[in-house]
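Engineer: Structure file query_26.pdb (PDB, C-alpha atoms and all ligand atoms) is given on the next line.
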ATOM      1  CA  MET A1013     -68.668 133.965 -36.630
ATOM      2  CA  THR A1014     -72.126 133.833 -38.211
ATOM      3  CA  PRO A1015     -75.126 134.963 -36.143
ATOM      4  CA  VAL A1016     -76.370 131.353 -36.096
ATOM      5  CA  ASP A1017     -73.053 130.061 -34.755
ATOM      6  CA  ALA A1018     -72.944 132.904 -32.230
ATOM      7  CA  ALA A1019     -76.436 132.051 -30.955
ATOM      8  CA  ASN A1020     -75.620 128.332 -30.718
ATOM      9  CA  ASN A1021     -72.463 129.220 -28.836
ATOM     10  CA  VAL A1022     -74.430 131.308 -26.311
ATOM     11  CA  LEU A1023     -77.066 128.575 -25.959
ATOM     12  CA  GLY A1024     -74.351 126.016 -25.355
ATOM     13  CA  GLN A1025     -72.840 128.077 -22.560
ATOM     14  CA  PHE A1026     -75.793 129.781 -20.921
ATOM     15  CA  TRP A1027     -79.086 128.038 -21.769
ATOM     16  CA  ASP A1028     -80.529 125.826 -19.024
ATOM     17  CA  LEU A1029     -82.377 123.759 -21.683
ATOM     18  CA  THR A1030     -85.826 124.904 -20.484
ATOM     19  CA  LEU A1031     -88.448 126.522 -22.698
ATOM     20  CA  PRO A1032     -89.233 129.230 -23.347
ATOM     21  CA  VAL A1033     -85.628 130.393 -23.609
ATOM     22  CA  ASP A1034     -85.212 133.293 -21.151
ATOM     23  CA  PRO A1035     -83.147 136.039 -22.826
ATOM     24  CA  ILE A1036     -83.052 138.101 -19.597
ATOM     25  CA  ALA A1037     -81.501 135.212 -17.642
ATOM     26  CA  ILE A1038     -79.004 134.558 -20.442
ATOM     27  CA  ALA A1039     -78.060 138.252 -20.627
ATOM     28  CA  GLY A1040     -77.585 138.238 -16.853
ATOM     29  CA  LYS A1041     -75.217 135.281 -17.044
ATOM     30  CA  MET A1042     -73.253 137.261 -19.637
ATOM     31  CA  GLY A1043     -72.965 140.277 -17.335
ATOM     32  CA  ILE A1044     -75.602 142.337 -19.141
ATOM     33  CA  THR A1045     -78.531 143.791 -17.195
ATOM     34  CA  VAL A1046     -81.955 144.289 -18.771
ATOM     35  CA  TYR A1047     -84.030 147.316 -17.756
ATOM     36  CA  TYR A1048     -87.472 148.508 -18.801
ATOM     37  CA  SER A1049     -87.504 152.118 -19.871
ATOM     38  CA  ASP A1050     -90.299 154.525 -20.697
ATOM     39  CA  ASP A1051     -87.816 156.855 -22.332
ATOM     40  CA  LEU A1052     -87.129 154.914 -25.505
ATOM     41  CA  GLY A1053     -89.466 156.920 -27.707
ATOM     42  CA  ASP A1054     -90.064 154.917 -30.855
ATOM     43  CA  LEU A1055     -87.277 152.427 -30.159
ATOM     44  CA  SER A1056     -88.119 148.835 -29.187
ATOM     45  CA  GLY A1057     -84.750 148.279 -27.582
ATOM     46  CA  PHE A1058     -81.348 149.752 -26.966
ATOM     47  CA  TYR A1059     -77.978 148.225 -26.103
ATOM     48  CA  ASP A1060     -75.469 150.324 -24.197
ATOM     49  CA  GLU A1061     -72.021 148.808 -24.674
ATOM     50  CA  GLU A1062     -70.322 150.898 -21.986
ATOM     51  CA  GLU A1063     -72.871 150.230 -19.257
ATOM     52  CA  LYS A1064     -73.527 146.639 -20.379
ATOM     53  CA  GLU A1065     -77.243 147.343 -20.288
ATOM     54  CA  ILE A1066     -80.142 146.474 -22.534
ATOM     55  CA  LEU A1067     -83.113 148.808 -22.301
ATOM     56  CA  VAL A1068     -86.449 147.516 -23.520
ATOM     57  CA  HIS A1069     -89.801 149.159 -24.137
ATOM     58  CA  PRO A1070     -92.243 148.167 -21.331
ATOM     59  CA  HIS A1071     -95.468 148.611 -23.278
ATOM     60  CA  GLU A1072     -94.990 146.121 -26.084
ATOM     61  CA  SER A1073     -96.151 142.495 -26.014
ATOM     62  CA  SER A1074     -94.092 139.996 -24.039
ATOM     63  CA  GLN A1075     -93.169 138.259 -27.310
ATOM     64  CA  HIS A1076     -92.009 141.548 -28.835
ATOM     65  CA  GLN A1077     -89.987 142.416 -25.717
ATOM     66  CA  ARG A1078     -88.328 138.996 -25.653
ATOM     67  CA  PHE A1079     -87.367 139.364 -29.299
ATOM     68  CA  SER A1080     -86.021 142.887 -28.711
ATOM     69  CA  ILE A1081     -83.883 141.684 -25.785
ATOM     70  CA  ALA A1082     -82.504 138.777 -27.827
ATOM     71  CA  HIS A1083     -81.884 141.141 -30.752
ATOM     72  CA  GLU A1084     -79.935 143.598 -28.572
ATOM     73  CA  LEU A1085     -78.007 140.699 -27.052
ATOM     74  CA  GLY A1086     -77.103 139.803 -30.637
ATOM     75  CA  HIS A1087     -75.599 143.256 -31.186
ATOM     76  CA  SER A1088     -73.509 142.717 -28.063
ATOM     77  CA  VAL A1089     -72.321 139.206 -28.929
ATOM     78  CA  LEU A1090     -71.629 140.114 -32.563
ATOM     79  CA  GLY A1091     -69.519 143.074 -31.491
ATOM     80  CA  HIS A1092     -71.708 145.756 -33.041
ATOM     81  CA  GLY A1093     -71.286 148.116 -30.087
ATOM     82  CA  THR A1094     -74.042 150.381 -28.830
ATOM     83  CA  SER A1095     -77.135 149.709 -30.930
ATOM     84  CA  THR A1096     -80.802 150.477 -31.119
ATOM     85  CA  ARG A1097     -83.786 148.592 -32.403
ATOM     86  CA  LYS A1098     -86.377 150.605 -34.245
ATOM     87  CA  ARG A1099     -89.850 149.197 -34.649
ATOM     88  CA  HIS A1100     -89.423 149.249 -38.406
ATOM     89  CA  ALA A1101     -85.718 148.801 -38.632
ATOM     90  CA  PRO A1102     -83.994 149.349 -41.940
ATOM     91  CA  SER A1103     -82.806 145.944 -43.082
ATOM     92  CA  ASP A1104     -79.111 146.722 -42.961
ATOM     93  CA  PHE A1105     -76.500 144.050 -42.333
ATOM     94  CA  LYS A1106     -76.198 144.510 -38.557
ATOM     95  CA  GLU A1107     -79.967 144.591 -38.087
ATOM     96  CA  ARG A1108     -80.423 141.443 -40.135
ATOM     97  CA  SER A1109     -77.600 139.719 -38.254
ATOM     98  CA  ALA A1110     -79.114 140.650 -34.879
ATOM     99  CA  ASN A1111     -82.506 139.348 -36.012
ATOM    100  CA  ILE A1112     -81.014 136.036 -37.150
ATOM    101  CA  PHE A1113     -79.217 135.779 -33.795
ATOM    102  CA  ALA A1114     -82.487 136.457 -31.945
ATOM    103  CA  GLU A1115     -84.449 133.829 -33.903
ATOM    104  CA  SER A1116     -81.719 131.265 -33.395
ATOM    105  CA  LEU A1117     -81.522 132.025 -29.662
ATOM    106  CA  LEU A1118     -85.251 132.062 -28.865
ATOM    107  CA  MET A1119     -86.095 129.109 -31.135
ATOM    108  CA  PRO A1120     -83.121 126.722 -30.865
ATOM    109  CA  ALA A1121     -83.053 124.514 -33.964
ATOM    110  CA  ILE A1122     -82.743 121.299 -31.976
ATOM    111  CA  ALA A1123     -85.728 122.160 -29.768
ATOM    112  CA  VAL A1124     -87.944 123.248 -32.657
ATOM    113  CA  SER A1125     -87.211 120.188 -34.754
ATOM    114  CA  THR A1126     -87.743 117.843 -31.797
ATOM    115  CA  LEU A1127     -91.106 119.359 -30.896
ATOM    116  CA  VAL A1128     -92.259 119.370 -34.509
ATOM    117  CA  GLU A1129     -91.022 115.974 -35.635
ATOM    118  CA  GLN A1130     -91.273 113.904 -32.451
ATOM    119  CA  ARG A1131     -93.909 115.638 -30.318
ATOM    120  CA  LYS A1132     -95.976 116.693 -33.366
ATOM    121  CA  MET A1133     -96.792 120.075 -31.830
ATOM    122  CA  THR A1134     -99.224 122.295 -33.705
ATOM    123  CA  PHE A1135     -98.234 125.782 -34.833
ATOM    124  CA  ASP A1136    -100.136 127.393 -31.929
ATOM    125  CA  GLU A1137     -98.514 125.045 -29.416
ATOM    126  CA  LEU A1138     -95.094 125.931 -30.805
ATOM    127  CA  CYS A1139     -95.756 129.685 -30.497
ATOM    128  CA  ARG A1140     -96.757 129.161 -26.847
ATOM    129  CA  ALA A1141     -93.894 126.782 -26.015
ATOM    130  CA  PHE A1142     -91.280 129.234 -27.318
ATOM    131  CA  ASP A1143     -93.263 132.378 -26.330
ATOM    132  CA  VAL A1144     -92.727 133.998 -29.719
ATOM    133  CA  SER A1145     -95.038 135.716 -32.185
ATOM    134  CA  GLU A1146     -96.726 133.747 -34.957
ATOM    135  CA  GLN A1147     -94.708 135.794 -37.439
ATOM    136  CA  ALA A1148     -91.394 134.860 -35.793
ATOM    137  CA  MET A1149     -92.313 131.170 -35.591
ATOM    138  CA  GLY A1150     -93.461 131.145 -39.220
ATOM    139  CA  ILE A1151     -90.118 132.541 -40.354
ATOM    140  CA  ARG A1152     -88.198 130.067 -38.191
ATOM    141  CA  LEU A1153     -90.092 127.007 -39.435
ATOM    142  CA  THR A1154     -89.444 128.059 -43.017
ATOM    143  CA  GLU A1155     -85.721 128.579 -42.299
ATOM    144  CA  LEU A1156     -85.464 125.158 -40.708
ATOM    145  CA  GLY A1157     -87.337 123.498 -43.556
ATOM    146  CA  LEU A1158     -90.152 122.454 -41.206
ATOM    147  CA  ALA A1159     -92.978 124.612 -42.562
TER     148      ALA A1159
HETATM  149 ZN    ZN A1201     -80.726 146.395 -33.925
END
Using structure tokens, write down the structure from this file.

Structural biologist:
Amino acid sequence: MTPVDAANNVLGQFWDLTLPVDPIAIAGKMGITVYYSDDLGDLSGFYDEEEKEILVHPHESSQHQRFSIAHELGHSVLGHGTSTRKRHAPSDFKERSANIFAESLLMPAIAVSTLVEQRKMTFDELCRAFDVSEQAMGIRLTELGLA
């Protein structure tokens, strides 16, 4: 299953169709608990397969935390096992897959295209509606051919 299909699958089962998408609520519905941890050092996030826990850094921006949680959830759903997220992650296959999963989960294609094409939202409005960074939204709009 591709990361995009995996994210759409999770959205289909666990998303309540409200924005912004809440990765903590979705993780909870999947039996995974999210904790904030001061002990992560230079990691943004960590997924513990045995404990079914995602640990996230408490001192980063809300947008960064949300992305880290969605990214770690991606490692879980994609069967990568226990995984970490470094701030400047090497762009290996699993990291890229988890990032694609996270983008697809936090910025569902159907919601983005509706708000852009029908509601004519501005870029700033989109970043607020989805509670993501400008960088993440820029990448997503390009991917979806909406930039
Ligand atoms: Zn990762």

Engineer: Can you tell me which residues sit at most 12 Å away from ligand ZN 1201 (chain A), counting all atoms listed in the file, written as a PyMOL selection string?

Structural biologist: chain A and resi 1055-1060+1066+1068+1079-1088+1090-1114

Engineer: Taking the file as I've supplied it (selection: the PyMOL selection byres (((chain A and resi 1156) around 12) and not hetatm)), which residues are included? Please answer as a PyMOL selection string.

Structural biologist: chain A and resi 1016+1115-1116+1119-1126+1128-1129+1149-1155+1157-1159

Engineer: I'd like the contact shell of Val1033 in chain A - 8 Å cut-off, only C-alpha atoms, skipping same-chain residues fewer than 4 positions apart - returned as a ChimeraX atom specification.

Structural biologist: /A:1027,1029,1117-1119,1142

Engineer: What is the distance, in Å and to one decimal place, between CA of Thr1014 in chain A and CA of Ala1141 in chain A?

Structural biologist: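 So the answer is 25.9 Å.
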
Engineer: So how far away is CA of Lys1064 in chain A from CA of Ile1044 in chain A, in Å?

Structural biologist: 4.9 Å

Engineer: How many Å lie between CA of Asp1143 in chain A and CA of Met1042 in chain A, rounded to one decimal?

Structural biologist: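 Computed distance, CA of Asp1143 in chain A to CA of Met1042 in chain A, equals 21.7 Å.
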
Engineer: Decode the PyMOL selection byres (((chain A and resi 1046) around 6) and not hetatm) for the given file into explicit residues and return them as a PyMOL selection string.

Structural biologist: chain A and resi 1045+1047+1065-1067

Engineer: For Glu1072 in chain A, which residue out of A:Ser1049, A:Asn1020, A:Gln1025, A:Gln1130 is the nearest one, using only C-alpha atoms?

Structural biologist: A:Ser1049

Engineer: Between A:Arg1078, A:His1071, A:Lys1132, A:Arg1140, single out the one closest to Ala1037 in chain A, counting all atoms listed in the file.

Structural biologist: A:Arg1078

Engineer: Just checking: using only C-alpha atoms, which residue out of A:Val1144, A:Leu1138, A:Val1089, A:Leu1052 ends up closest to Asn1021 in chain A?

Structural biologist: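 Answer, going by the shortest atom-to-atom distance: A:Val1089.
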